[in-house]
Amino acid sequence: MITQNYNNHYIRLNEQSHIIKGFSDAFEIPLETDICICKEGVRHFELNGVVNLSLFDFNNVPKYKYVEGEILETTEEERQVYLSSSPQPDPTAQDIMATQITQLMLENAEKEDQLQTLANQVTELMLGGM
C-alpha cells in the first residue's frame, strides 16, 4: 500500500494583513503566527492552483491580502497606497552619479548658450555692429 504524504501550506502576513510569504512545511518550519491555508498540499507552496506564484508585483508591492479567513487580491488603489507609504530606499552610488551627471549636463548646456550669445555679439561687432 502506498502512503500519500501531504504537506501543509502556510502564509505569513505583515501588519496590514498583506501576504508577504507563502511556503510548504516541506521546506520551512512555520512560526506561531503563520496561517495554515491547506493541510493536504503538494510539496511546493500553491495558491489558487499556481505553484510558487509571485506574491509581489514588479514594484515589490504585495498582490494578496488575508481578510476574515479569505485570500483576496489587492486592488490597484491599495497597491498605490502601499507604494506611496513605503519608505524609499537610499539612493545607490549609481543613482547619485546619474544625478550629478544630469546636473553637470544642464550647467554645460547653460554655458554653451551663454557662449553662443557672446559669439553672436562678437560677430555683430566685427561686422560693424551694434
# chains A, B, ... in the order shown; residues from 1 in each chain; ligands from 1
>>> closest_atom_pairs(of="segment 27-55 of chain A", to="segment 63-86 of chain A", cutoff="12 Å", atoms="only C-alpha atoms", output="tab-separated table")
residue	atom	partner	partner_atom	distance
A:Asp34	CA	A:Tyr66	CA	11.6
A:Ile35	CA	A:Gly69	CA	9.5
A:Cys36	CA	A:Gly69	CA	10.5
A:Ile37	CA	A:Gly69	CA	8.9
A:Leu47	CA	A:Ile71	CA	9.1
A:Asn48	CA	A:Ile71	CA	9.3
A:Leu53	CA	A:Lys63	CA	10.5
A:Ser54	CA	A:Lys63	CA	8.2
A:Leu55	CA	A:Lys63	CA	5.5
>>> select_by_dssp(residues="chain A", states="strand (DSSP E or B)", output="ChimeraX atom specification")
/A:7-13,18-24,35-41,46-47,50-51,56,62,64-67,70-73
>>> select_by_dssp(residues="segment 33-106 of chain A", states="helix (DSSP H, G or I)", output="list of chain:residue names")
A:Glu76, A:Glu77, A:Glu78, A:Arg79, A:Gln80, A:Val81, A:Tyr82, A:Leu83, A:Ser84, A:Ser85, A:Ala93, A:Gln94, A:Asp95, A:Ile96, A:Met97, A:Ala98, A:Thr99, A:Gln100, A:Ile101, A:Thr102, A:Gln103, A:Leu104, A:Met105, A:Leu106
>>> atom_distance(atom1="atom CA of Pro62 of chain A", atom2="atom CA of Gly22 of chain A")
11.7 Å
